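Shown here: model.txt, compact mmCIF, C-alpha atoms and all ligand atoms.
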```txt
# COMPACT_ATOMS: atom_id res chain seq x y z
CA MET D 1 -25.24 12.40 -14.20
CA MET D 2 -25.89 10.36 -11.08
CA THR D 3 -27.61 12.25 -8.27
CA TYR D 4 -27.21 11.13 -4.69
CA ASN D 5 -29.46 11.40 -1.67
CA LYS D 6 -28.44 12.62 1.76
CA ILE D 7 -28.27 10.08 4.55
CA THR D 8 -31.53 10.50 6.47
CA PRO D 9 -31.85 9.81 10.24
CA ALA D 10 -33.68 6.55 9.41
CA VAL D 11 -30.91 5.39 7.05
CA LEU D 12 -28.28 6.40 9.62
CA GLN D 13 -30.05 4.17 12.15
CA ASP D 14 -29.91 1.30 9.62
CA ILE D 15 -26.16 1.91 9.18
CA LYS D 16 -25.69 1.85 12.97
CA ASN D 17 -27.61 -1.40 13.22
CA ILE D 18 -25.48 -3.03 10.52
CA VAL D 19 -22.12 -2.14 12.09
CA GLN D 20 -23.35 -2.44 15.68
CA GLY D 21 -22.97 1.22 16.53
CA GLU D 22 -19.44 1.68 15.16
CA VAL D 23 -20.31 4.96 13.49
CA PHE D 24 -19.00 8.54 13.74
CA THR D 25 -21.26 11.51 13.06
CA GLN D 26 -19.69 14.34 15.11
CA THR D 27 -18.05 17.03 12.96
CA GLU D 28 -14.72 16.79 14.82
CA ASP D 29 -14.59 13.06 13.98
CA LEU D 30 -15.77 13.51 10.38
CA ILE D 31 -12.98 16.03 9.70
CA CYS D 32 -10.41 13.26 10.28
CA PHE D 33 -11.98 11.33 7.35
CA SER D 34 -12.39 14.28 5.01
CA TYR D 35 -9.00 14.27 3.25
CA ASP D 36 -6.11 12.15 2.01
CA ALA D 37 -2.47 13.07 1.29
CA LEU D 38 -3.62 15.65 -1.29
CA ASN D 39 -5.21 17.57 1.59
CA GLN D 40 -8.40 18.63 -0.20
CA LYS D 41 -11.26 18.48 2.29
CA PHE D 42 -14.81 17.18 1.70
CA LEU D 43 -16.80 16.28 4.80
CA PRO D 44 -18.60 12.90 4.84
CA GLU D 45 -22.04 12.66 6.41
CA ALA D 46 -20.99 9.68 8.52
CA VAL D 47 -18.15 7.20 8.99
CA ALA D 48 -18.84 3.50 9.58
CA PHE D 49 -16.30 0.88 10.67
CA ALA D 50 -16.96 -2.56 9.22
CA ARG D 51 -15.66 -5.73 10.84
CA THR D 52 -16.91 -8.35 8.38
CA ALA D 53 -17.54 -8.79 4.65
CA GLY D 54 -21.19 -9.43 5.54
CA GLN D 55 -21.48 -5.95 7.08
CA VAL D 56 -19.82 -4.39 4.02
CA SER D 57 -22.31 -6.23 1.82
CA GLU D 58 -25.31 -5.00 3.85
CA LEU D 59 -24.03 -1.41 3.74
CA LEU D 60 -23.64 -1.54 -0.04
CA ARG D 61 -27.14 -2.97 -0.46
CA LEU D 62 -28.49 -0.19 1.76
CA ALA D 63 -26.62 2.43 -0.30
CA ASN D 64 -28.17 1.03 -3.49
CA ARG D 65 -31.65 1.23 -2.01
CA HIS D 66 -31.25 4.81 -0.76
CA LEU D 67 -28.72 6.10 -3.32
CA PHE D 68 -26.03 7.55 -1.08
CA PRO D 69 -22.29 7.28 -1.89
CA ILE D 70 -19.98 4.89 -0.05
CA ILE D 71 -16.26 5.61 -0.06
CA PRO D 72 -13.92 2.80 1.08
CA ARG D 73 -10.99 4.03 3.13
CA GLY D 74 -7.85 2.59 4.67
CA SER D 75 -5.43 5.00 6.36
CA GLY D 76 -6.26 7.91 4.04
CA SER D 77 -2.64 8.27 2.90
CA GLY D 78 -3.38 8.01 -0.84
CA PHE D 79 -2.49 10.69 -3.34
CA THR D 80 -5.36 9.99 -5.74
CA GLY D 81 -8.32 11.47 -3.84
CA GLY D 82 -9.98 8.03 -3.97
CA SER D 83 -10.84 7.93 -0.26
CA VAL D 84 -12.13 11.53 -0.17
CA PRO D 85 -15.95 11.90 0.07
CA VAL D 86 -16.26 14.50 -2.68
CA LYS D 87 -20.05 14.10 -2.82
CA GLY D 88 -20.55 13.47 0.89
CA GLY D 89 -22.10 10.15 1.87
CA LEU D 90 -20.65 7.39 4.03
CA VAL D 91 -16.93 6.79 4.49
CA LEU D 92 -16.48 3.06 5.02
CA SER D 93 -13.37 2.57 7.11
CA LEU D 94 -11.70 -0.84 6.81
CA THR D 95 -9.14 -0.13 9.55
CA ARG D 96 -10.89 -2.36 12.11
CA MET D 97 -10.69 -5.35 9.79
CA ASN D 98 -7.04 -5.65 10.72
CA ASN D 99 -6.35 -9.31 11.43
CA ILE D 100 -3.56 -11.36 9.92
CA ILE D 101 -5.68 -14.48 9.44
CA ALA D 102 -2.90 -16.91 8.52
CA ILE D 103 0.72 -17.11 7.47
CA ASP D 104 1.04 -20.40 5.63
CA THR D 105 4.73 -21.27 5.92
CA ASP D 106 4.24 -24.50 3.95
CA ASN D 107 2.95 -22.68 0.86
CA LEU D 108 4.38 -19.16 1.42
CA VAL D 109 1.01 -17.44 1.42
CA ALA D 110 -0.44 -14.85 3.83
CA GLU D 111 -4.16 -14.37 4.28
CA VAL D 112 -5.02 -10.93 5.67
CA GLU D 113 -7.86 -8.53 6.26
CA PRO D 114 -7.62 -5.22 4.37
CA GLY D 115 -6.95 -3.01 7.40
CA VAL D 116 -3.64 -4.67 8.33
CA ILE D 117 -0.81 -2.11 8.26
CA THR D 118 1.79 -3.11 5.66
CA ALA D 119 4.76 -2.98 8.05
CA GLU D 120 2.91 -5.17 10.55
CA LEU D 121 2.60 -7.95 7.98
CA GLN D 122 6.24 -7.49 6.97
CA ASN D 123 7.40 -7.77 10.59
CA ALA D 124 5.18 -10.80 11.24
CA VAL D 125 6.43 -12.74 8.21
CA GLU D 126 10.07 -11.80 8.81
CA LYS D 127 9.88 -13.46 12.24
CA LEU D 128 9.15 -16.67 10.33
CA GLY D 129 12.03 -16.19 7.89
CA LEU D 130 9.73 -14.93 5.13
CA PHE D 131 9.54 -11.73 3.13
CA TYR D 132 6.74 -9.49 1.79
CA PRO D 133 8.68 -7.09 -0.47
CA PRO D 134 6.32 -4.22 -1.52
CA ASP D 135 7.61 -1.17 0.35
CA PRO D 136 5.69 2.07 -0.25
CA ALA D 137 7.29 4.82 1.85
CA SER D 138 3.98 4.92 3.74
CA LEU D 139 4.31 1.28 4.86
CA LYS D 140 4.31 2.14 8.57
CA PHE D 141 0.79 3.58 8.36
CA SER D 142 -0.88 2.58 5.06
CA THR D 143 -3.14 -0.49 4.93
CA LEU D 144 -2.76 -3.53 2.71
CA GLY D 145 -6.27 -2.88 1.34
CA GLY D 146 -5.17 0.61 0.33
CA ASN D 147 -1.93 -0.79 -1.12
CA VAL D 148 -3.89 -3.26 -3.25
CA ALA D 149 -6.43 -0.62 -4.33
CA GLU D 150 -3.55 1.69 -5.36
CA CYS D 151 -1.12 -1.04 -6.47
CA ALA D 152 1.48 0.60 -4.25
CA GLY D 153 5.19 0.10 -4.79
CA GLY D 154 8.44 1.42 -3.41
CA PRO D 155 12.19 1.34 -3.99
CA ARG D 156 12.37 -2.47 -3.95
CA CYS D 157 10.25 -2.63 -7.12
CA VAL D 158 13.43 -2.75 -9.24
CA LYS D 159 14.01 -6.33 -8.17
CA TYR D 160 10.79 -7.42 -6.55
CA GLY D 161 7.97 -5.60 -8.35
CA VAL D 162 4.95 -3.87 -6.82
CA THR D 163 1.83 -4.96 -4.93
CA LYS D 164 0.16 -6.53 -7.99
CA ASP D 165 3.01 -9.02 -8.24
CA TYR D 166 2.08 -10.44 -4.81
CA VAL D 167 -1.73 -10.57 -4.86
CA LEU D 168 -2.80 -14.16 -5.48
CA GLY D 169 -6.46 -13.68 -4.74
CA LEU D 170 -9.06 -11.40 -3.21
CA GLU D 171 -12.41 -11.46 -1.50
CA VAL D 172 -14.35 -8.44 -2.71
CA VAL D 173 -17.81 -7.05 -2.07
CA LEU D 174 -19.13 -5.79 -5.40
CA PRO D 175 -21.10 -2.50 -5.58
CA GLY D 176 -24.39 -4.41 -5.58
CA GLY D 177 -23.45 -6.22 -2.36
CA ASP D 178 -22.46 -9.63 -3.73
CA ILE D 179 -19.40 -11.17 -2.07
CA VAL D 180 -17.05 -12.76 -4.61
CA LYS D 181 -13.65 -14.43 -4.51
CA THR D 182 -11.06 -14.04 -7.25
CA GLY D 183 -7.80 -15.89 -7.92
CA ALA D 184 -6.57 -18.68 -5.66
CA LYS D 185 -4.24 -19.35 -2.77
CA THR D 186 -1.81 -21.08 -5.09
CA MET D 187 0.99 -19.70 -7.28
CA LYS D 188 -0.41 -21.30 -10.41
CA SER D 189 -3.94 -20.14 -11.11
CA VAL D 190 -4.44 -19.74 -14.82
CA ALA D 191 -8.02 -20.77 -15.59
CA GLY D 192 -10.55 -18.09 -16.47
CA TYR D 193 -10.43 -14.32 -16.53
CA ASP D 194 -7.80 -12.63 -14.37
CA LEU D 195 -10.21 -10.63 -12.22
CA THR D 196 -7.62 -10.20 -9.47
CA SER D 197 -5.43 -8.09 -11.77
CA PHE D 198 -8.50 -6.12 -12.84
CA LEU D 199 -9.26 -5.23 -9.22
CA VAL D 200 -5.71 -4.38 -8.14
CA GLY D 201 -5.21 -0.65 -8.67
CA SER D 202 -8.93 0.05 -9.13
CA GLU D 203 -8.91 2.61 -6.26
CA GLY D 204 -12.10 1.33 -4.66
CA THR D 205 -14.19 1.93 -7.78
CA LEU D 206 -15.01 -1.73 -8.50
CA GLY D 207 -15.70 -3.06 -5.03
CA VAL D 208 -14.56 -3.22 -1.43
CA ILE D 209 -11.68 -5.59 -0.72
CA THR D 210 -12.38 -7.58 2.42
CA ARG D 211 -9.68 -10.26 2.27
CA ILE D 212 -6.33 -10.55 0.53
CA TYR D 213 -4.17 -13.58 -0.28
CA LEU D 214 -0.54 -12.55 -0.69
CA LYS D 215 2.47 -14.39 -2.05
CA LEU D 216 5.51 -14.46 0.27
CA LEU D 217 9.17 -15.11 -0.48
CA PRO D 218 11.98 -16.58 1.62
CA LEU D 219 13.71 -13.77 3.52
CA PRO D 220 17.07 -12.98 1.86
CA GLU D 221 19.93 -13.98 4.18
CA ALA D 222 21.94 -10.79 3.73
CA ARG D 223 21.44 -7.20 2.69
CA ARG D 224 24.06 -4.51 1.90
CA THR D 225 23.49 -0.84 1.16
CA MET D 226 25.80 1.48 -0.75
CA GLN D 227 25.69 5.22 -1.26
CA ALA D 228 27.46 6.23 -4.50
CA ILE D 229 28.28 9.92 -4.99
CA PHE D 230 28.47 11.46 -8.50
CA PRO D 231 29.80 14.74 -9.91
CA SER D 232 27.00 14.84 -12.52
CA MET D 233 23.47 13.54 -13.04
CA ASP D 234 24.64 12.10 -16.35
CA ALA D 235 27.31 9.98 -14.65
CA ALA D 236 24.76 8.66 -12.14
CA ALA D 237 22.24 7.84 -14.88
CA LYS D 238 24.90 6.01 -16.93
CA THR D 239 25.87 4.01 -13.84
CA VAL D 240 22.27 2.82 -13.46
CA SER D 241 22.37 1.47 -17.02
CA ALA D 242 25.80 -0.09 -16.43
CA ILE D 243 24.56 -1.90 -13.30
CA ILE D 244 21.55 -3.37 -15.11
CA LYS D 245 23.69 -4.22 -18.19
CA ALA D 246 26.06 -6.12 -15.89
CA LYS D 247 23.01 -8.27 -14.97
CA ILE D 248 23.03 -7.08 -11.38
CA ILE D 249 19.51 -6.41 -10.13
CA PRO D 250 19.74 -4.43 -6.89
CA SER D 251 16.84 -4.74 -4.46
CA THR D 252 16.78 -0.93 -4.36
CA LEU D 253 18.19 1.60 -6.80
CA GLU D 254 17.22 5.16 -5.89
CA PHE D 255 18.39 8.26 -7.72
CA VAL D 256 18.70 11.43 -5.60
CA ASP D 257 19.45 14.79 -7.24
CA GLN D 258 21.18 17.72 -5.55
CA ALA D 259 17.97 19.51 -4.54
CA ALA D 260 16.70 16.37 -2.83
CA ILE D 261 20.10 15.70 -1.18
CA ARG D 262 20.01 19.22 0.33
CA CYS D 263 16.40 18.84 1.53
CA VAL D 264 17.16 15.53 3.22
CA GLU D 265 20.37 16.86 4.79
CA GLU D 266 18.62 19.95 6.10
CA TYR D 267 16.00 17.75 7.74
CA LEU D 268 18.09 14.78 8.93
CA HIS D 269 21.64 16.14 9.36
CA ALA D 270 22.94 12.74 8.22
CA GLY D 271 26.21 14.04 6.75
CA LEU D 272 25.09 13.76 3.11
CA PRO D 273 27.41 15.27 0.47
CA VAL D 274 25.42 18.44 -0.30
CA HIS D 275 27.80 19.51 -3.11
CA ALA D 276 27.35 16.27 -5.06
CA GLU D 277 25.20 16.59 -8.19
CA ALA D 278 23.62 13.18 -7.62
CA LEU D 279 23.57 10.16 -5.38
CA LEU D 280 22.58 6.59 -5.99
CA ILE D 281 21.34 4.56 -3.05
CA ILE D 282 21.96 0.98 -4.02
CA GLU D 283 20.87 -2.00 -1.96
CA VAL D 284 21.60 -5.58 -2.84
CA ASP D 285 20.37 -8.70 -1.08
CA GLY D 286 20.70 -12.43 -1.40
CA ASP D 287 22.82 -15.36 -0.24
CA SER D 288 24.96 -14.50 2.83
CA LYS D 289 28.08 -16.30 1.46
CA ARG D 290 28.32 -13.73 -1.33
CA TRP D 291 28.52 -10.85 1.17
CA MET D 292 31.10 -12.27 3.59
CA SER D 293 33.88 -10.17 2.04
CA CYS D 294 31.79 -6.99 2.26
CA GLY D 295 31.71 -6.83 6.06
CA ARG D 296 28.73 -6.80 8.36
CA SER D 297 25.34 -7.07 6.72
CA GLY D 298 23.18 -3.97 7.03
CA VAL D 299 26.08 -1.50 7.40
CA PRO D 300 25.99 1.05 4.56
CA PHE D 301 29.20 1.93 2.79
CA ARG D 302 29.97 4.91 0.62
CA HIS D 303 31.83 5.27 -2.67
CA ARG D 304 32.74 8.48 -4.46
CA PHE D 305 33.03 8.39 -8.28
CA SER D 306 35.14 10.94 -10.07
CA SER D 307 33.98 12.43 -13.39
C1 LIG T 401 4.42 9.98 3.14
C2 LIG T 401 3.78 9.12 2.07
C3 LIG T 401 4.57 8.27 1.34
C4 LIG T 401 4.00 7.49 0.32
N1 LIG T 401 4.82 6.65 -0.38
C5 LIG T 401 4.30 5.89 -1.36
C6 LIG T 401 5.16 5.03 -2.12
O1 LIG T 401 6.37 4.98 -1.92
N2 LIG T 401 4.59 4.28 -3.10
C7 LIG T 401 3.24 4.32 -3.37
O2 LIG T 401 2.79 3.61 -4.26
N3 LIG T 401 2.41 5.12 -2.65
C8 LIG T 401 2.90 5.89 -1.66
N4 LIG T 401 2.09 6.73 -0.95
C9 LIG T 401 0.65 6.77 -1.26
C10 LIG T 401 -0.22 5.87 -0.31
O3 LIG T 401 0.41 5.66 0.92
C11 LIG T 401 -0.50 4.55 -0.93
O4 LIG T 401 -1.27 4.74 -2.09
C12 LIG T 401 -1.23 3.57 -0.01
O5 LIG T 401 -1.32 2.35 -0.70
C13 LIG T 401 -2.63 4.01 0.40
O6 LIG T 401 -3.06 3.17 1.46
P1 LIG T 401 -4.15 3.68 2.50
O7 LIG T 401 -4.46 2.59 3.45
O8 LIG T 401 -3.75 4.97 3.11
O9 LIG T 401 -5.39 3.89 1.50
P2 LIG T 401 -6.37 5.14 1.39
O10 LIG T 401 -5.62 6.37 1.09
O11 LIG T 401 -7.31 5.15 2.52
O12 LIG T 401 -7.19 4.71 0.08
C14 LIG T 401 -6.56 4.73 -1.17
C15 LIG T 401 -7.55 4.22 -2.22
O13 LIG T 401 -7.83 2.86 -1.96
C16 LIG T 401 -9.23 2.67 -1.76
N5 LIG T 401 -9.34 1.65 -0.72
C17 LIG T 401 -8.75 1.63 0.50
N6 LIG T 401 -9.04 0.49 1.14
C18 LIG T 401 -9.83 -0.23 0.29
C19 LIG T 401 -10.46 -1.51 0.37
N7 LIG T 401 -10.33 -2.30 1.44
N8 LIG T 401 -11.19 -1.91 -0.70
C20 LIG T 401 -11.32 -1.14 -1.81
N9 LIG T 401 -10.73 0.06 -1.93
C21 LIG T 401 -10.00 0.51 -0.89
C22 LIG T 401 -9.78 4.03 -1.37
O14 LIG T 401 -11.14 4.16 -1.73
C23 LIG T 401 -8.89 4.94 -2.20
O15 LIG T 401 -9.36 5.02 -3.52
C24 LIG T 401 2.61 7.55 0.05
C25 LIG T 401 1.82 8.40 0.81
C26 LIG T 401 2.38 9.19 1.81
C27 LIG T 401 1.50 10.11 2.60
```
Can I see the file as structure tokens?
Ligand SMILES: Cc1cc2nc3c(=O)[nH]c(=O)nc-3n(C[C@H](O)[C@H](O)[C@H](O)COP(=O)(O)OP(=O)(O)OC[C@H]3O[C@@H](n4cnc5c(N)ncnc54)[C@H](O)[C@@H]3O)c2cc1C
Amino acid sequence: MMTYNKITPAVLQDIKNIVQGEVFTQTEDLICFSYDALNQKFLPEAVAFARTAGQVSELLRLANRHLFPIIPRGSGSGFTGGSVPVKGGLVLSLTRMNNIIAIDTDNLVAEVEPGVITAELQNAVEKLGLFYPPDPASLKFSTLGGNVAECAGGPRCVKYGVTKDYVLGLEVVLPGGDIVKTGAKTMKSVAGYDLTSFLVGSEGTLGVITRIYLKLLPLPEARRTMQAIFPSMDAAAKTVSAIIKAKIIPSTLEFVDQAAIRCVEEYLHAGLPVHAEALLIIEVDGDSKRWMSCGRSGVPFRHRFSS
């Protein structure tokens, strides 16, 4: 089994030199980087904030020389424990590498640093009439680097897929410190091994992602949401099959059982039907002409099915 060394004062000074002082060592700061959404706490010895792939590379080379663990971290919202420093060492925060480098409207590609918050990219591309569909419920605070490392997905995956379906290419610093690029900025990139797919979902175990090339889509013109209420879970489940069989692919198709309806109602007081056995939240999007007869886009409507 691999044994690790503690970070000595001399190594800590090297870390500080590499990231130009952007290091935390006070316990009250370290606590903030000791857990993820699972809430199991392991204190790191230090936290460093990288700003460039070169700095990430130097830190990894240093870690190899002195045998201390490095744990890449975005917002720490993961449920896998991947950003938790179980064996101590250095948490490498990517949150200050948070620039949207380019949104290429000619080729529908975004080039981003890993610390960009998912919703910030979505808002930026929507202003240009474009669409980045992956929608983990954590999108307002999780990073794109974390999304790629976890292959995050949300309700829109029914129609649009998950993060892996949008990653065209990556810049990654390998554990030994080499900086490599995978994939391409183009939709068609078929030559050679598909290393991009190998890296997506690898939870930081194969390298540190320092740049991401993402596919964008045209923003759908219209979006309509429906809440369908069912007297039984069976009826709701059969409706899901019927919708797909009718060759309708909603952008979102969420099943909510009675326990979840009651929890949400207790918290939000949104007027949900707490006696219903099940709900389906159905969202469709597409060409605005198709929705003209359905009223104003974005206004949810409700339908109650009898048994
Ligand atoms: C309220 C809530 C709702 C959520 N909803 C969803 C959901 O709907 N769908 C879903 O899929 N997930 C969801 N999640 C889980 C989580 O938000 C996602 O997994 C998210 O992608 C993690 O991003 P992060 O920036 O917080 O990454 P972190 O938690 O910091 O890290 C996650 C993993 O990625 C690695 N990592 C982070 N950045 C990099 C990098 N630059 N290079 C290499 N490795 C890196 C870490 O080492 C770790 O293994 C939810 C979490 C919460 C708390």
task: May I have the residues within 9 Å of D:Asp178 as a list in words, using all atoms listed in the file and disregarding those fewer than 5 positions away in the same chain?
output: Ser57, Leu60, Arg61, Val172 and Val173 of chain D
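Residues in contact with stretch 15-26 of chain D at 7 Å, where all atoms listed in the file are counted and same-chain residues fewer than 3 positions away are skipped, are listed as Val11, Leu12, Asp29, Leu30, Glu45, Ala46, Val47, Ala48, Phe49, Ala50, Gln55, Glu58 and Leu59 of chain D.
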- line: Students should find that atom N6 of ligand LIG 401 (chain T) and atom CA of D:Arg211 are spaced 10.8 Å
Report, as lines of an AutoDock Vina configuration file, the axis-aligned box around all atoms of ligand LIG 401 (chain T) present in the file, extended by 8 Å on each side; give centre and edge lengths in Å to one decimal place.
```
center_x = -2.5
center_y = 3.9
center_z = -0.4
size_x = 33.7
size_y = 28.4
size_z = 23.7
```
- request: Grab me every residue within 6 Å of ligand LIG 401 (chain T), counting all atoms listed in the file, and send it over as an MDAnalysis selection string.
  value: chainID D and resid 36:37 71:79 82:83 94 114 136:138 142:143 145:147 149:150 152:154 203:204 207:210
Do you have, as CSV, the list of residues of stretch 187-270 of chain D lying at most 10 Å from stretch 119-127 of chain D, each with its nearest atom pair and that distance in Å to one decimal, counting only C-alpha atoms and ordered by chain then number?
```
residue,atom,partner,partner_atom,distance
D:Leu216,CA,D:Val125,CA,8.2
D:Leu217,CA,D:Val125,CA,9.4
D:Pro218,CA,D:Glu126,CA,8.8
D:Leu219,CA,D:Glu126,CA,6.7
D:Pro220,CA,D:Glu126,CA,9.9
```
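Going from atom CA of D:Val116 to atom CA of D:Tyr213 covers 12.4 Å.
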task: Just give me the residues with any atom within 12 Å of (-6.9, -5.7, -10.8), file coordinates, counting all atoms listed in the file, written as number ranges by chain.
output: D: 147-151, 163-170, 172, 182-183, 193-207, 209
Tell me, counting only C-alpha atoms, for each residue of stretch 119-216 of chain D within 12 Å of stretch 268-283 of chain D, which pair of atoms is nearest and how far apart they are in Å to one decimal, in rows ordered by chain and increasing number, as a Markdown table.
```
| residue | atom | partner | partner_atom | distance |
| --- | --- | --- | --- | --- |
| D:Pro155 | CA | D:Glu283 | CA | 9.5 |
| D:Arg156 | CA | D:Glu283 | CA | 8.7 |
| D:Cys157 | CA | D:Glu283 | CA | 11.8 |
| D:Val158 | CA | D:Glu283 | CA | 10.4 |
| D:Lys159 | CA | D:Glu283 | CA | 10.2 |
```
What would stretch 111-136 of chain D look like with N, CA and C atoms restored, written as an mmCIF file, keeping the file's coordinate frame?
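Writing the result to out19.cif gives the following:
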```cif
data_model
loop_
_atom_site.group_PDB
_atom_site.id
_atom_site.type_symbol
_atom_site.label_atom_id
_atom_site.label_comp_id
_atom_site.auth_asym_id
_atom_site.auth_seq_id
_atom_site.Cartn_x
_atom_site.Cartn_y
_atom_site.Cartn_z
ATOM 1 N N GLU D 111 -2.751 -14.721 4.468
ATOM 2 C CA GLU D 111 -4.160 -14.370 4.280
ATOM 3 C C GLU D 111 -4.456 -13.251 5.285
ATOM 4 N N VAL D 112 -4.870 -12.091 4.784
ATOM 5 C CA VAL D 112 -5.020 -10.930 5.670
ATOM 6 C C VAL D 112 -6.334 -10.207 5.413
ATOM 7 N N GLU D 113 -6.754 -9.468 6.445
ATOM 8 C CA GLU D 113 -7.860 -8.530 6.260
ATOM 9 C C GLU D 113 -7.290 -7.219 5.704
ATOM 10 N N PRO D 114 -8.146 -6.386 5.091
ATOM 11 C CA PRO D 114 -7.620 -5.220 4.370
ATOM 12 C C PRO D 114 -7.034 -4.130 5.261
ATOM 13 N N GLY D 115 -7.416 -4.094 6.542
ATOM 14 C CA GLY D 115 -6.950 -3.010 7.400
ATOM 15 C C GLY D 115 -5.609 -3.265 8.064
ATOM 16 N N VAL D 116 -4.971 -4.398 7.754
ATOM 17 C CA VAL D 116 -3.640 -4.670 8.330
ATOM 18 C C VAL D 116 -2.647 -3.640 7.785
ATOM 19 N N ILE D 117 -1.846 -3.070 8.681
ATOM 20 C CA ILE D 117 -0.810 -2.110 8.260
ATOM 21 C C ILE D 117 0.325 -2.902 7.585
ATOM 22 N N THR D 118 0.803 -2.385 6.471
ATOM 23 C CA THR D 118 1.790 -3.110 5.660
ATOM 24 C C THR D 118 3.000 -3.560 6.481
ATOM 25 N N ALA D 119 3.559 -2.641 7.279
ATOM 26 C CA ALA D 119 4.760 -2.980 8.050
ATOM 27 C C ALA D 119 4.475 -4.078 9.073
ATOM 28 N N GLU D 120 3.236 -4.133 9.566
ATOM 29 C CA GLU D 120 2.910 -5.170 10.550
ATOM 30 C C GLU D 120 2.962 -6.551 9.915
ATOM 31 N N LEU D 121 2.477 -6.659 8.673
ATOM 32 C CA LEU D 121 2.600 -7.950 7.980
ATOM 33 C C LEU D 121 4.077 -8.254 7.718
ATOM 34 N N GLN D 122 4.821 -7.251 7.274
ATOM 35 C CA GLN D 122 6.240 -7.490 6.970
ATOM 36 C C GLN D 122 6.975 -7.999 8.213
ATOM 37 N N ASN D 123 6.724 -7.343 9.362
ATOM 38 C CA ASN D 123 7.400 -7.770 10.590
ATOM 39 C C ASN D 123 6.986 -9.187 10.986
ATOM 40 N N ALA D 124 5.681 -9.468 10.836
ATOM 41 C CA ALA D 124 5.180 -10.800 11.240
ATOM 42 C C ALA D 124 5.800 -11.900 10.378
ATOM 43 N N VAL D 125 5.898 -11.670 9.069
ATOM 44 C CA VAL D 125 6.430 -12.740 8.210
ATOM 45 C C VAL D 125 7.944 -12.863 8.368
ATOM 46 N N GLU D 126 8.611 -11.732 8.646
ATOM 47 C CA GLU D 126 10.070 -11.800 8.810
ATOM 48 C C GLU D 126 10.463 -12.637 10.024
ATOM 49 N N LYS D 127 9.610 -12.620 11.058
ATOM 50 C CA LYS D 127 9.880 -13.460 12.240
ATOM 51 C C LYS D 127 9.878 -14.940 11.879
ATOM 52 N N LEU D 128 9.223 -15.271 10.780
ATOM 53 C CA LEU D 128 9.150 -16.670 10.330
ATOM 54 C C LEU D 128 10.121 -16.937 9.187
ATOM 55 N N GLY D 129 11.043 -16.008 8.953
ATOM 56 C CA GLY D 129 12.030 -16.190 7.890
ATOM 57 C C GLY D 129 11.464 -15.952 6.503
ATOM 58 N N LEU D 130 10.366 -15.194 6.434
ATOM 59 C CA LEU D 130 9.730 -14.930 5.130
ATOM 60 C C LEU D 130 9.762 -13.430 4.836
ATOM 61 N N PHE D 131 9.319 -13.079 3.636
ATOM 62 C CA PHE D 131 9.540 -11.730 3.130
ATOM 63 C C PHE D 131 8.337 -11.296 2.296
ATOM 64 N N TYR D 132 7.770 -10.113 2.642
ATOM 65 C CA TYR D 132 6.740 -9.490 1.790
ATOM 66 C C TYR D 132 7.358 -8.194 1.255
ATOM 67 N N PRO D 133 7.833 -8.193 0.007
ATOM 68 C CA PRO D 133 8.680 -7.090 -0.470
ATOM 69 C C PRO D 133 8.031 -5.717 -0.712
ATOM 70 N N PRO D 134 6.769 -5.567 -1.164
ATOM 71 C CA PRO D 134 6.320 -4.220 -1.520
ATOM 72 C C PRO D 134 6.517 -3.212 -0.387
ATOM 73 N N ASP D 135 7.166 -2.095 -0.706
ATOM 74 C CA ASP D 135 7.610 -1.170 0.350
ATOM 75 C C ASP D 135 7.291 0.289 0.028
ATOM 76 N N PRO D 136 5.992 0.641 -0.110
ATOM 77 C CA PRO D 136 5.690 2.070 -0.250
ATOM 78 C C PRO D 136 6.259 2.811 0.969
#
```
